[in-house]
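Visitor: Sharing coords.txt (compact mmCIF, C-alpha atoms) below.
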# COMPACT_ATOMS: atom_id res chain seq x y z
CA MET A 1 0.39 -42.11 -13.78
CA PRO A 2 2.12 -39.00 -15.04
CA ASN A 3 4.69 -37.21 -12.93
CA LYS A 4 3.55 -34.23 -10.93
CA PHE A 5 5.24 -31.01 -9.97
CA TYR A 6 4.50 -28.34 -7.42
CA LEU A 7 2.74 -25.27 -8.80
CA GLU A 8 1.97 -21.94 -7.17
CA ILE A 9 0.08 -19.08 -8.79
CA ILE A 10 0.57 -15.80 -6.97
CA THR A 11 -1.04 -12.39 -7.42
CA PRO A 12 -0.22 -9.29 -5.34
CA GLU A 13 -3.42 -9.82 -3.38
CA LYS A 14 -3.55 -13.53 -2.78
CA THR A 15 -2.21 -16.95 -3.58
CA PHE A 16 -4.51 -18.15 -6.31
CA TYR A 17 -3.41 -21.77 -6.59
CA ARG A 18 -1.11 -24.07 -4.70
CA GLY A 19 -0.68 -27.77 -5.23
CA ASP A 20 0.78 -30.62 -7.24
CA VAL A 21 -0.25 -30.69 -10.87
CA GLU A 22 0.51 -32.74 -13.96
CA SER A 23 0.77 -29.89 -16.40
CA ILE A 24 0.00 -26.26 -16.96
CA GLN A 25 -0.61 -24.59 -20.27
CA ILE A 26 0.42 -20.96 -20.41
CA PRO A 27 0.03 -18.09 -22.88
CA ALA A 28 3.73 -17.26 -23.21
CA VAL A 29 4.77 -14.26 -25.28
CA GLY A 30 6.42 -16.58 -27.76
CA GLY A 31 3.27 -18.71 -28.12
CA ASP A 32 1.29 -21.10 -25.94
CA CYS A 33 3.40 -23.57 -23.99
CA MET A 34 2.70 -26.61 -21.91
CA ILE A 35 4.88 -27.16 -18.85
CA MET A 36 5.21 -30.62 -17.40
CA ALA A 37 7.26 -32.13 -14.62
CA GLY A 38 11.01 -32.09 -15.13
CA HIS A 39 11.02 -28.97 -17.29
CA GLN A 40 14.26 -27.11 -17.74
CA PRO A 41 14.63 -24.11 -15.34
CA MET A 42 13.26 -21.17 -17.22
CA VAL A 43 11.40 -17.90 -16.94
CA PHE A 44 8.53 -17.28 -19.37
CA ALA A 45 6.94 -13.93 -19.99
CA THR A 46 3.23 -14.29 -20.55
CA GLN A 47 0.58 -12.21 -22.22
CA PRO A 48 -3.04 -11.98 -21.08
CA GLY A 49 -4.74 -15.24 -21.95
CA MET A 50 -6.00 -18.57 -20.77
CA ILE A 51 -4.14 -20.98 -18.55
CA ALA A 52 -5.15 -24.59 -18.16
CA ILE A 53 -4.12 -26.65 -15.16
CA THR A 54 -4.37 -30.43 -15.29
CA THR A 55 -4.46 -32.50 -12.12
CA ASP A 56 -5.42 -36.19 -12.05
CA GLY A 57 -6.72 -35.97 -15.58
CA GLN A 58 -8.98 -33.05 -14.68
CA ARG A 59 -8.44 -29.92 -16.74
CA ARG A 60 -9.36 -26.52 -15.31
CA GLU A 61 -9.13 -23.28 -17.19
CA ALA A 62 -8.61 -19.79 -15.82
CA PHE A 63 -7.86 -16.31 -17.03
CA MET A 64 -4.39 -14.93 -16.40
CA SER A 65 -3.28 -11.36 -17.04
CA GLU A 66 0.24 -10.49 -18.18
CA GLY A 67 2.99 -11.71 -15.93
CA PHE A 68 5.72 -14.28 -15.83
CA ILE A 69 6.27 -17.87 -14.85
CA GLU A 70 9.34 -19.17 -13.15
CA VAL A 71 10.13 -22.83 -13.62
CA ARG A 72 12.56 -24.12 -11.02
CA PRO A 73 13.58 -27.68 -10.27
CA ASP A 74 11.64 -27.69 -6.99
CA ALA A 75 8.63 -25.60 -7.89
CA THR A 76 6.96 -23.69 -10.65
CA ILE A 77 5.65 -20.29 -9.67
CA ALA A 78 3.42 -18.13 -11.82
CA PHE A 79 3.19 -14.42 -11.08
CA SER A 80 0.44 -12.29 -12.50
CA GLN A 81 -1.48 -9.20 -11.47
CA ALA A 82 -4.81 -10.92 -11.99
CA VAL A 83 -5.83 -14.56 -12.20
CA GLU A 84 -9.50 -15.53 -12.19
CA TRP A 85 -11.57 -18.69 -12.44
CA PRO A 86 -14.29 -18.47 -15.10
CA GLU A 87 -17.01 -18.17 -12.44
CA ASP A 88 -15.28 -15.14 -10.92
CA ILE A 89 -15.00 -13.22 -14.16
CA ASP A 90 -17.33 -10.28 -14.36
CA GLU A 91 -18.57 -10.61 -17.91
CA ARG A 92 -20.20 -7.22 -18.12
CA ARG A 93 -17.07 -5.51 -16.88
CA ALA A 94 -14.93 -7.38 -19.38
CA GLU A 95 -17.36 -6.49 -22.17
CA GLU A 96 -17.21 -2.83 -21.19
CA ALA A 97 -13.44 -2.92 -20.95
CA LYS A 98 -13.33 -4.45 -24.43
CA GLU A 99 -15.44 -1.70 -25.92
CA ARG A 100 -13.44 0.98 -24.15
CA ALA A 101 -10.16 -0.51 -25.35
CA GLU A 102 -11.44 -0.88 -28.91
CA GLU A 103 -12.46 2.75 -28.92
CA MET A 104 -9.05 3.78 -27.61
CA VAL A 105 -7.21 1.65 -30.15
CA ARG A 106 -9.27 3.26 -32.89
CA ARG A 107 -8.24 6.72 -31.72
CA ASN A 108 -4.68 5.53 -31.47
CA ARG A 109 -2.83 8.61 -30.33
CA SER A 110 0.72 7.56 -29.56
CA ALA A 111 2.76 4.42 -29.80
CA ALA A 112 2.92 4.00 -26.05
CA GLU A 113 -0.83 4.41 -25.74
CA TYR A 114 -1.39 2.00 -28.55
CA ARG A 115 0.62 -0.64 -26.71
CA LEU A 116 -1.27 -0.07 -23.46
CA ASN A 117 -4.62 -0.24 -25.17
CA ARG A 118 -3.70 -3.31 -27.11
CA ILE A 119 -2.82 -5.09 -23.88
CA ALA A 120 -6.09 -3.92 -22.32
CA LEU A 121 -7.99 -5.24 -25.30
CA GLN A 122 -6.12 -8.52 -25.12
CA ARG A 123 -7.01 -8.80 -21.45
CA ALA A 124 -10.69 -8.22 -22.13
CA PHE A 125 -10.75 -10.74 -24.96
CA ALA A 126 -9.00 -13.36 -22.87
CA ARG A 127 -11.46 -12.90 -19.99
CA LEU A 128 -14.44 -13.29 -22.32
CA ARG A 129 -12.92 -16.29 -24.01
CA VAL A 130 -12.31 -18.10 -20.72
CA LYS A 131 -15.81 -17.24 -19.53
CA HIS A 132 -17.49 -18.54 -22.67
CA HIS A 133 -15.37 -21.65 -22.78
CA GLU A 134 -16.81 -22.57 -19.42
CA TYR A 135 -20.37 -22.22 -20.64
CA GLY A 136 -19.58 -24.19 -23.76
CA ASP A 137 -18.42 -27.15 -21.69
CA LYS A 138 -21.59 -27.26 -19.63
CA SER A 139 -24.19 -27.14 -22.39
CA MET B 1 -18.28 27.48 43.99
CA ALA B 2 -17.39 28.81 40.53
CA ASP B 3 -14.25 26.71 40.74
CA ILE B 4 -16.17 23.51 41.12
CA THR B 5 -18.26 24.06 37.98
CA ALA B 6 -15.16 25.04 36.02
CA ILE B 7 -13.47 21.81 37.03
CA ARG B 8 -16.59 19.82 36.21
CA HIS B 9 -16.54 21.37 32.73
CA ARG B 10 -12.90 20.52 32.22
CA ILE B 11 -13.44 16.95 33.33
CA LYS B 12 -16.26 16.58 30.86
CA SER B 13 -14.32 18.02 27.94
CA ILE B 14 -11.24 15.92 28.70
CA ASN B 15 -13.47 12.88 28.93
CA ASP B 16 -14.88 13.62 25.48
CA THR B 17 -11.43 14.05 23.95
CA HIS B 18 -10.29 10.90 25.68
CA GLN B 19 -13.09 8.98 24.06
CA ILE B 20 -12.14 10.28 20.63
CA THR B 21 -8.46 9.45 21.02
CA LYS B 22 -9.36 6.02 22.33
CA ALA B 23 -11.51 5.33 19.27
CA MET B 24 -8.77 6.64 16.97
CA GLU B 25 -6.25 4.35 18.59
CA LEU B 26 -8.45 1.31 18.06
CA ILE B 27 -9.11 2.27 14.45
CA SER B 28 -5.40 2.74 13.80
CA VAL B 29 -4.61 -0.64 15.28
CA SER B 30 -7.09 -2.46 13.07
CA LYS B 31 -6.13 -0.50 9.95
CA MET B 32 -2.48 -1.13 10.56
CA ARG B 33 -3.13 -4.86 10.87
CA LYS B 34 -5.05 -4.84 7.60
CA MET B 35 -2.26 -2.98 5.82
CA MET B 36 0.39 -5.32 7.16
CA ASN B 37 -1.59 -8.28 5.88
CA LYS B 38 -1.80 -6.70 2.47
CA GLN B 39 1.90 -6.02 2.60
CA ALA B 40 2.69 -9.63 3.37
CA TYR B 41 0.84 -10.82 0.28
CA SER B 42 2.17 -8.19 -2.04
CA SER B 43 5.76 -8.56 -0.91
CA LEU B 44 5.65 -12.24 -1.84
CA TYR B 45 4.80 -11.21 -5.36
CA PHE B 46 6.87 -8.10 -5.85
CA ASP B 47 9.99 -9.46 -4.18
CA SER B 48 10.07 -12.12 -6.87
CA VAL B 49 9.57 -9.51 -9.57
CA ARG B 50 12.43 -7.49 -8.12
CA TYR B 51 14.62 -10.53 -7.85
CA THR B 52 14.02 -11.57 -11.44
CA VAL B 53 14.68 -8.07 -12.77
CA LYS B 54 17.88 -7.98 -10.79
CA ASP B 55 18.88 -11.38 -12.06
CA ILE B 56 18.38 -10.35 -15.68
CA LEU B 57 20.29 -7.11 -15.20
CA ARG B 58 23.16 -8.93 -13.55
CA HIS B 59 23.49 -11.85 -15.91
CA SER B 60 22.67 -10.21 -19.20
CA PRO B 61 24.56 -6.93 -19.22
CA ASP B 62 23.70 -6.31 -22.86
CA VAL B 63 19.95 -6.53 -22.30
CA ARG B 64 18.58 -3.10 -21.64
CA ASN B 65 15.29 -1.33 -21.60
CA LYS B 66 14.70 2.38 -21.96
CA TYR B 67 13.92 2.55 -18.25
CA THR B 68 17.22 1.00 -17.25
CA MET B 69 19.34 3.48 -19.18
CA ARG B 70 21.04 6.15 -17.18
CA ARG B 71 20.40 9.67 -18.43
CA SER B 72 22.89 12.45 -17.98
CA GLY B 73 21.75 15.68 -16.42
CA GLY B 74 20.67 16.41 -12.90
CA ARG B 75 16.95 16.81 -13.23
CA ALA B 76 15.19 14.88 -10.52
CA ALA B 77 11.58 14.20 -9.74
CA TYR B 78 10.36 13.37 -6.28
CA VAL B 79 7.35 11.29 -5.45
CA VAL B 80 6.62 12.25 -1.87
CA ILE B 81 4.22 10.01 0.01
CA ALA B 82 2.78 11.48 3.21
CA GLY B 83 -0.53 11.15 4.99
CA ASP B 84 -3.90 12.71 4.33
CA LYS B 85 -4.37 13.69 7.94
CA GLY B 86 -2.30 14.94 10.83
CA LEU B 87 -2.57 13.66 14.39
CA ALA B 88 0.11 11.09 13.79
CA GLY B 89 2.98 12.42 15.84
CA SER B 90 6.00 13.41 13.78
CA PHE B 91 5.16 11.05 10.92
CA ASN B 92 4.39 13.72 8.31
CA ASN B 93 7.12 16.07 9.49
CA ASN B 94 9.86 13.47 9.31
CA ILE B 95 9.06 12.41 5.78
CA LEU B 96 8.54 15.92 4.43
CA ASN B 97 11.69 17.31 5.98
CA LEU B 98 13.76 14.48 4.58
CA ALA B 99 12.34 15.10 1.11
CA TRP B 100 12.95 18.82 1.43
CA LYS B 101 16.56 18.36 2.50
CA HIS B 102 17.31 15.91 -0.31
CA MET B 103 15.75 18.23 -2.86
CA GLN B 104 18.12 21.07 -2.11
CA ASP B 105 20.93 19.10 -3.80
CA TYR B 106 19.11 19.16 -7.13
CA PRO B 107 18.64 22.60 -8.66
CA VAL B 108 16.00 21.36 -11.09
CA HIS B 109 13.38 19.21 -9.55
CA TYR B 110 9.79 18.25 -9.94
CA VAL B 111 7.53 17.41 -7.07
CA ILE B 112 4.79 14.80 -7.22
CA THR B 113 2.83 14.55 -4.02
CA ILE B 114 0.66 11.76 -2.73
CA GLY B 115 -1.47 12.79 0.23
CA GLN B 116 -2.94 16.09 1.40
CA MET B 117 -0.27 16.82 3.99
CA ALA B 118 2.52 16.62 1.42
CA ARG B 119 0.77 19.11 -0.84
CA ALA B 120 0.09 21.51 2.02
CA PHE B 121 3.74 21.32 3.07
CA PHE B 122 5.15 22.21 -0.34
CA GLU B 123 2.61 24.97 -0.78
CA SER B 124 3.74 26.54 2.47
CA LYS B 125 7.35 26.30 1.27
CA LYS B 126 6.40 28.02 -2.00
CA GLN B 127 7.47 24.98 -3.97
CA PRO B 128 5.11 24.40 -6.88
CA VAL B 129 3.62 20.93 -6.97
CA ASP B 130 3.67 19.46 -10.46
CA LEU B 131 1.39 16.52 -9.99
CA GLU B 132 -0.71 15.41 -7.08
CA PHE B 133 -2.62 12.33 -6.07
CA THR B 134 -4.91 12.68 -3.11
CA HIS B 135 -6.97 9.53 -3.03
CA ALA B 136 -4.29 6.85 -2.93
CA VAL B 137 -3.12 7.20 0.65
CA THR B 138 -5.79 5.83 2.94
CA ASN B 139 -6.42 2.59 1.13
CA PRO B 140 -3.89 2.01 -1.63
CA THR B 141 -4.95 -0.38 -4.38
CA LEU B 142 -3.11 -1.82 -7.34
CA HIS B 143 -5.33 0.29 -9.52
CA ASP B 144 -4.07 3.48 -7.85
CA ALA B 145 -0.49 2.30 -8.23
CA ARG B 146 -1.04 1.61 -11.94
CA GLY B 147 -2.44 5.10 -12.48
CA ILE B 148 0.43 6.75 -10.65
CA VAL B 149 3.04 4.76 -12.58
CA ARG B 150 1.37 5.62 -15.88
CA ASP B 151 1.43 9.33 -15.12
CA ILE B 152 5.03 9.27 -13.96
CA LEU B 153 6.16 7.32 -17.04
CA ASP B 154 4.32 9.84 -19.17
CA LEU B 155 6.48 12.63 -17.78
CA TYR B 156 9.60 10.49 -17.91
CA ASP B 157 8.98 9.56 -21.55
CA LYS B 158 8.68 13.23 -22.44
CA ASN B 159 12.26 13.55 -21.19
CA LEU B 160 11.42 16.04 -18.47
CA MET B 161 13.54 14.37 -15.83
CA ASP B 162 16.58 12.12 -15.49
CA GLU B 163 15.92 10.45 -12.19
CA VAL B 164 12.84 9.71 -10.13
CA PHE B 165 13.01 9.27 -6.38
CA VAL B 166 10.33 8.00 -4.09
CA VAL B 167 10.27 9.39 -0.56
CA PHE B 168 8.28 7.16 1.74
CA THR B 169 8.22 5.74 5.24
CA HIS B 170 9.61 2.26 5.43
CA MET B 171 7.89 0.00 7.91
CA HIS B 172 10.32 -2.45 9.49
CA SER B 173 7.97 -3.48 12.27
CA SER B 174 4.98 -2.01 14.05
CA SER B 175 7.26 -0.01 16.35
CA ASN B 176 10.09 0.67 13.94
CA TYR B 177 9.54 2.81 10.86
CA ALA B 178 11.72 5.45 9.29
CA PRO B 179 11.57 7.78 6.29
CA GLU B 180 13.56 6.60 3.32
CA ILE B 181 14.43 7.63 -0.23
CA VAL B 182 14.62 5.06 -3.02
CA LYS B 183 15.37 5.54 -6.67
CA LEU B 184 12.54 4.47 -8.94
CA LEU B 185 13.98 5.39 -12.31
CA PRO B 186 16.24 4.58 -14.00
CA ILE B 187 16.28 1.00 -12.77
CA GLU B 188 19.79 -0.01 -11.75
CA GLU B 189 20.95 -3.27 -10.37
CA GLN B 190 22.55 -1.89 -7.21
CA ASP B 191 19.34 -0.09 -6.24
CA ILE B 192 17.23 -3.20 -6.28
CA ARG B 193 16.83 -4.74 -2.90
CA ALA B 194 15.78 -8.31 -3.40
CA GLU B 195 15.48 -10.41 -0.30
CA VAL B 196 14.30 -13.58 -1.97
CA ASN B 197 16.54 -16.57 -1.45
CA THR B 198 15.86 -18.81 -4.35
CA THR B 199 16.67 -22.43 -3.82
CA TYR B 200 17.98 -22.69 -7.32
CA SER B 201 21.15 -20.84 -8.20
CA GLY B 202 22.01 -22.25 -11.62
CA ASP B 203 21.50 -20.49 -14.91
CA ILE B 204 17.95 -19.76 -15.86
CA TYR B 205 16.82 -19.48 -19.45
CA TYR B 206 14.45 -16.75 -20.43
CA ASP B 207 11.72 -17.34 -22.92
CA PRO B 208 11.41 -15.92 -25.53
CA SER B 209 14.47 -13.81 -24.59
CA PRO B 210 15.74 -11.92 -21.55
CA ARG B 211 14.89 -8.69 -23.30
CA GLU B 212 11.24 -9.59 -23.74
CA VAL B 213 10.91 -10.90 -20.22
CA LEU B 214 12.44 -7.65 -18.99
CA ASP B 215 9.95 -5.65 -21.08
CA VAL B 216 7.10 -7.45 -19.35
CA LEU B 217 8.69 -7.16 -15.93
CA VAL B 218 9.66 -3.49 -15.94
CA PRO B 219 6.09 -2.13 -15.70
CA GLN B 220 5.33 -4.75 -13.06
CA TYR B 221 8.43 -3.72 -11.18
CA LEU B 222 7.47 -0.05 -11.23
CA ILE B 223 3.89 -0.73 -10.19
CA GLY B 224 5.20 -2.96 -7.45
CA MET B 225 7.57 -0.29 -6.19
CA ILE B 226 4.82 2.31 -5.99
CA TYR B 227 2.33 -0.12 -4.49
CA THR B 228 4.70 -1.34 -1.79
CA THR B 229 5.84 2.16 -0.88
CA LEU B 230 2.20 3.25 -0.65
CA ILE B 231 1.39 0.35 1.62
CA HIS B 232 4.49 0.90 3.74
CA SER B 233 3.57 4.54 4.15
CA ALA B 234 -0.02 3.78 5.02
CA SER B 235 0.86 1.21 7.65
CA SER B 236 3.56 3.47 9.10
CA GLU B 237 1.05 6.28 9.29
CA HIS B 238 -1.35 4.11 11.23
CA ALA B 239 1.45 2.89 13.47
CA ALA B 240 2.55 6.47 14.16
CA ARG B 241 -1.03 7.52 14.87
CA MET B 242 -1.45 4.57 17.17
CA VAL B 243 1.58 5.62 19.22
CA ALA B 244 0.47 9.26 19.28
CA MET B 245 -3.01 8.28 20.40
CA THR B 246 -1.71 5.94 23.08
CA SER B 247 0.29 8.75 24.65
CA ALA B 248 -2.70 11.09 24.28
CA ASN B 249 -4.80 8.54 26.14
CA LYS B 250 -2.23 8.28 28.89
CA ASN B 251 -2.09 12.04 29.27
CA ALA B 252 -5.86 12.29 29.38
CA GLU B 253 -6.01 9.63 32.05
CA LYS B 254 -3.41 11.40 34.14
CA MET B 255 -5.20 14.72 33.82
CA LEU B 256 -8.52 13.16 34.68
CA GLU B 257 -7.03 11.63 37.78
CA THR B 258 -5.64 14.91 39.16
CA LEU B 259 -8.78 16.80 38.19
CA ASN B 260 -11.01 14.24 39.85
CA LEU B 261 -8.94 14.47 43.00
CA GLU B 262 -9.20 18.23 42.95
CA TYR B 263 -12.90 18.06 42.25
CA ASN B 264 -13.54 15.67 45.12
CA ARG B 265 -11.49 17.77 47.50
CA LEU B 266 -13.45 20.88 46.58
CA ARG B 267 -16.73 19.07 46.80
CA GLN B 268 -15.86 17.69 50.21
CA GLY B 269 -14.74 21.13 51.33
CA ALA B 270 -18.05 22.56 50.18
CA ILE B 271 -19.98 19.87 52.03
CA THR B 272 -17.94 20.39 55.18
CA SER B 273 -18.47 24.11 55.16
CA GLU B 274 -22.17 23.60 54.52
CA LEU B 275 -22.36 21.20 57.45
CA LEU B 276 -20.44 23.68 59.53
CA ASP B 277 -22.96 26.36 58.60
CA LEU B 278 -25.85 24.09 59.48
CA THR B 279 -24.49 22.94 62.81
CA SER B 280 -23.38 26.41 63.85
CA GLY B 281 -26.80 27.68 62.83
CA LYS B 282 -28.40 24.98 64.90
CA PHE B 283 -26.21 25.75 67.87
CA PHE B 284 -27.00 29.41 67.52
CA TYR B 285 -30.73 28.70 67.26
CA GLU B 286 -30.71 26.33 70.16
CA SER B 287 -28.77 28.67 72.36
CA THR B 288 -31.05 31.63 71.55
CA VAL B 289 -34.17 29.54 72.00
CA ARG B 290 -32.87 28.28 75.32
CA ARG B 291 -31.95 31.78 76.33
CA GLY B 292 -35.39 33.00 75.35
CA HIS B 293 -36.89 30.20 77.40
CA LYS B 294 -34.94 31.28 80.41
CA LYS B 295 -36.13 34.83 79.95
CA GLU B 296 -39.73 33.84 80.05
Would you mind giving the structure from this file in structure tokens?
Guide:
Amino acid sequence: MPNKFYLEIITPEKTFYRGDVESIQIPAVGGDCMIMAGHQPMVFATQPGMIAITTDGQRREAFMSEGFIEVRPDATIAFSQAVEWPEDIDERRAEEAKERAEEMVRRNRSAAEYRLNRIALQRAFARLRVKHHEYGDKS
Amino acid sequence: MADITAIRHRIKSINDTHQITKAMELISVSKMRKMMNKQAYSSLYFDSVRYTVKDILRHSPDVRNKYTMRRSGGRAAYVVIAGDKGLAGSFNNNILNLAWKHMQDYPVHYVITIGQMARAFFESKKQPVDLEFTHAVTNPTLHDARGIVRDILDLYDKNLMDEVFVVFTHMHSSSNYAPEIVKLLPIEEQDIRAEVNTTYSGDIYYDPSPREVLDVLVPQYLIGMIYTTLIHSASSEHAARMVAMTSANKNAEKMLETLNLEYNRLRQGAITSELLDLTSGKFFYESTVRRGHKKE
């Protein structure tokens, strides 16, 4: 039986997840990471992508927007502006956001705008990826 | 007799107003509750953001971001958050006067208003408004906050100002709220109020580096600042309106009481005099009839 640690995922509007888990995989800026119990205290910056929480051998995936994750000895807390389960992702909206962002990246007016649009595009891609992953598992 | 109808009219109109103020009070109460709920959730999140930013700034003095650099020059921008509507006691006045007073210390300043009342105030003072947001006050969302931050950063990046202040009403509790000025930009350690007590006080490593974590956190921090100030202002506005409406209700009740008393007195007087007329008429009739009888 693997060790567990306490995990909380918080957005400005609600507490998305709270409970003991075995591991969480996060899209850190420096590359995907897996956090397990007993991790060194650390703060990770994350980019929009997929997180995967494992409890009792069960793996659940979710979309997480940019944010950061604080690993402390007593608890691990993830902060992000938006976290969604695959079933809560609005696919059409994500698709539209993707097209909009692609269009904006193509126009590419200033460096700051480019960065913003790239993150928006990343967010849309991540949402779609998480959504489709879910369907892939079922069929 | 004209008096009695006039009083009846007044009673009716006061009753109508009373009903409106009563409804407004109830609405303010429920809206304030909703806002305070929202605030509780968001403060959990943004307090941690603030704390982490502060921690990085304190422990890694060499890590800087363009929004943490101090700029020389005294050009200030003010984000003034007031209400969309009046009828909230001195809520709008307090906040606008504080902003106005603070502004006089900076010869060059820009004004960004959030809320109709703020815009109207600066227009009446002949102070041009550089940027205005009118929709974000009644029900602030993260989306609104993001838009506002983006527009402000746009101006800041163009090097139009050196400091950005936010003037808002801080809600300490439902009966205690006061206007306040906080500095939004540049971000400096001593300006960050972080109330989170972390259980862990040792060194924390930042991945991939403190600089990159800070880069991710700074936009979040700014959005959080705007979002929380918007929510604080909205709930203070509802609290202020609630108090104003409660006193309006009390006044209306008092007025209704005296008017009703007056009305009843007049009505009774009218009835008495009518009765007097009737009885004296009857007496007169009876006496004349009797007299006539005698004559016959």
Visitor: Counting only C-alpha atoms, figure out which residue out of A:Ala28, A:Ala101, A:Leu128, A:Ala52 gets nearest to Glu87 (chain A).
Guide: A:Leu128
Visitor: When you count all atoms listed in the file, which of these residues is closest to chain B: A:Ile26, A:Leu7, A:Met104, A:Ala45?
Guide: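 The shortest atom-to-atom distance to chain B comes from A:Ala45.
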Visitor: Between B:Leu44, B:Ala118, B:Met69, B:Leu87, which is the closest to chain A once you count all atoms listed in the file?
Guide: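 Counting all atoms listed in the file, the residue closest to chain A is B:Leu44.
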Visitor: Report as a ChimeraX atom specification the set of chain A residues whose atoms approach chain B to within 7 Å, with distances computed over all atoms listed in the file.
Guide: /A:10-14,29-30,41-45,67,72,79
Visitor: Could you save the residues just selected, with C-alpha atoms, as a JSON list (two decimals), keeping the file's coordinate frame?
Guide:
[["chain", "number", "residue", "atom", "x", "y", "z"],
["A", 10, "ILE", "CA", 0.57, -15.80, -6.97],
["A", 11, "THR", "CA", -1.04, -12.39, -7.42],
["A", 12, "PRO", "CA", -0.22, -9.29, -5.34],
["A", 13, "GLU", "CA", -3.42, -9.82, -3.38],
["A", 14, "LYS", "CA", -3.55, -13.53, -2.78],
["A", 29, "VAL", "CA", 4.77, -14.26, -25.28],
["A", 30, "GLY", "CA", 6.42, -16.58, -27.76],
["A", 41, "PRO", "CA", 14.63, -24.11, -15.34],
["A", 42, "MET", "CA", 13.26, -21.17, -17.22],
["A", 43, "VAL", "CA", 11.40, -17.90, -16.94],
["A", 44, "PHE", "CA", 8.53, -17.28, -19.37],
["A", 45, "ALA", "CA", 6.94, -13.93, -19.99],
["A", 67, "GLY", "CA", 2.99, -11.71, -15.93],
["A", 72, "ARG", "CA", 12.56, -24.12, -11.02],
["A", 79, "PHE", "CA", 3.19, -14.42, -11.08]]
Visitor: List the neighbours of Ile35 (chain A) out to 12 Å using all atoms listed in the file; skip same-chain residues closer than 2 positions along the sequence, and give me the result as a ChimeraX atom specification.
Guide: /A:3-7,21-28,32-33,37-44,51-54,69-72,75-78
Visitor: Take the selection from the previous step and output its residues with C-alpha atoms, as a PDB file, in the frame of the given file.
Guide:
ATOM      1  CA  ASN A   3       4.690 -37.210 -12.930  1.00  0.00           C
ATOM      2  CA  LYS A   4       3.550 -34.230 -10.930  1.00  0.00           C
ATOM      3  CA  PHE A   5       5.240 -31.010  -9.970  1.00  0.00           C
ATOM      4  CA  TYR A   6       4.500 -28.340  -7.420  1.00  0.00           C
ATOM      5  CA  LEU A   7       2.740 -25.270  -8.800  1.00  0.00           C
ATOM      6  CA  VAL A  21      -0.250 -30.690 -10.870  1.00  0.00           C
ATOM      7  CA  GLU A  22       0.510 -32.740 -13.960  1.00  0.00           C
ATOM      8  CA  SER A  23       0.770 -29.890 -16.400  1.00  0.00           C
ATOM      9  CA  ILE A  24       0.000 -26.260 -16.960  1.00  0.00           C
ATOM     10  CA  GLN A  25      -0.610 -24.590 -20.270  1.00  0.00           C
ATOM     11  CA  ILE A  26       0.420 -20.960 -20.410  1.00  0.00           C
ATOM     12  CA  PRO A  27       0.030 -18.090 -22.880  1.00  0.00           C
ATOM     13  CA  ALA A  28       3.730 -17.260 -23.210  1.00  0.00           C
ATOM     14  CA  ASP A  32       1.290 -21.100 -25.940  1.00  0.00           C
ATOM     15  CA  CYS A  33       3.400 -23.570 -23.990  1.00  0.00           C
ATOM     16  CA  ALA A  37       7.260 -32.130 -14.620  1.00  0.00           C
ATOM     17  CA  GLY A  38      11.010 -32.090 -15.130  1.00  0.00           C
ATOM     18  CA  HIS A  39      11.020 -28.970 -17.290  1.00  0.00           C
ATOM     19  CA  GLN A  40      14.260 -27.110 -17.740  1.00  0.00           C
ATOM     20  CA  PRO A  41      14.630 -24.110 -15.340  1.00  0.00           C
ATOM     21  CA  MET A  42      13.260 -21.170 -17.220  1.00  0.00           C
ATOM     22  CA  VAL A  43      11.400 -17.900 -16.940  1.00  0.00           C
ATOM     23  CA  PHE A  44       8.530 -17.280 -19.370  1.00  0.00           C
ATOM     24  CA  ILE A  51      -4.140 -20.980 -18.550  1.00  0.00           C
ATOM     25  CA  ALA A  52      -5.150 -24.590 -18.160  1.00  0.00           C
ATOM     26  CA  ILE A  53      -4.120 -26.650 -15.160  1.00  0.00           C
ATOM     27  CA  THR A  54      -4.370 -30.430 -15.290  1.00  0.00           C
ATOM     28  CA  ILE A  69       6.270 -17.870 -14.850  1.00  0.00           C
ATOM     29  CA  GLU A  70       9.340 -19.170 -13.150  1.00  0.00           C
ATOM     30  CA  VAL A  71      10.130 -22.830 -13.620  1.00  0.00           C
ATOM     31  CA  ARG A  72      12.560 -24.120 -11.020  1.00  0.00           C
ATOM     32  CA  ALA A  75       8.630 -25.600  -7.890  1.00  0.00           C
ATOM     33  CA  THR A  76       6.960 -23.690 -10.650  1.00  0.00           C
ATOM     34  CA  ILE A  77       5.650 -20.290  -9.670  1.00  0.00           C
ATOM     35  CA  ALA A  78       3.420 -18.130 -11.820  1.00  0.00           C
TER      36      ALA A  78
END
Visitor: I need the residue nearest Ala6 (chain B) from this list: B:Ile95, B:Leu276, B:Ile192, B:Leu259. Use all atoms listed in the file for the distance.
Guide: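 Using all atoms listed in the file, the shortest distance to Ala6 (chain B) belongs to B:Leu259.
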Visitor: Hey, which of B:Arg146, B:Lys34, B:Leu185, B:Arg265 ends up closest to Leu116 (chain A)? Count all atoms listed in the file.
Guide: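 Comparing B:Arg146, B:Lys34, B:Leu185, B:Arg265 against Leu116 (chain A), the winner is B:Arg146.
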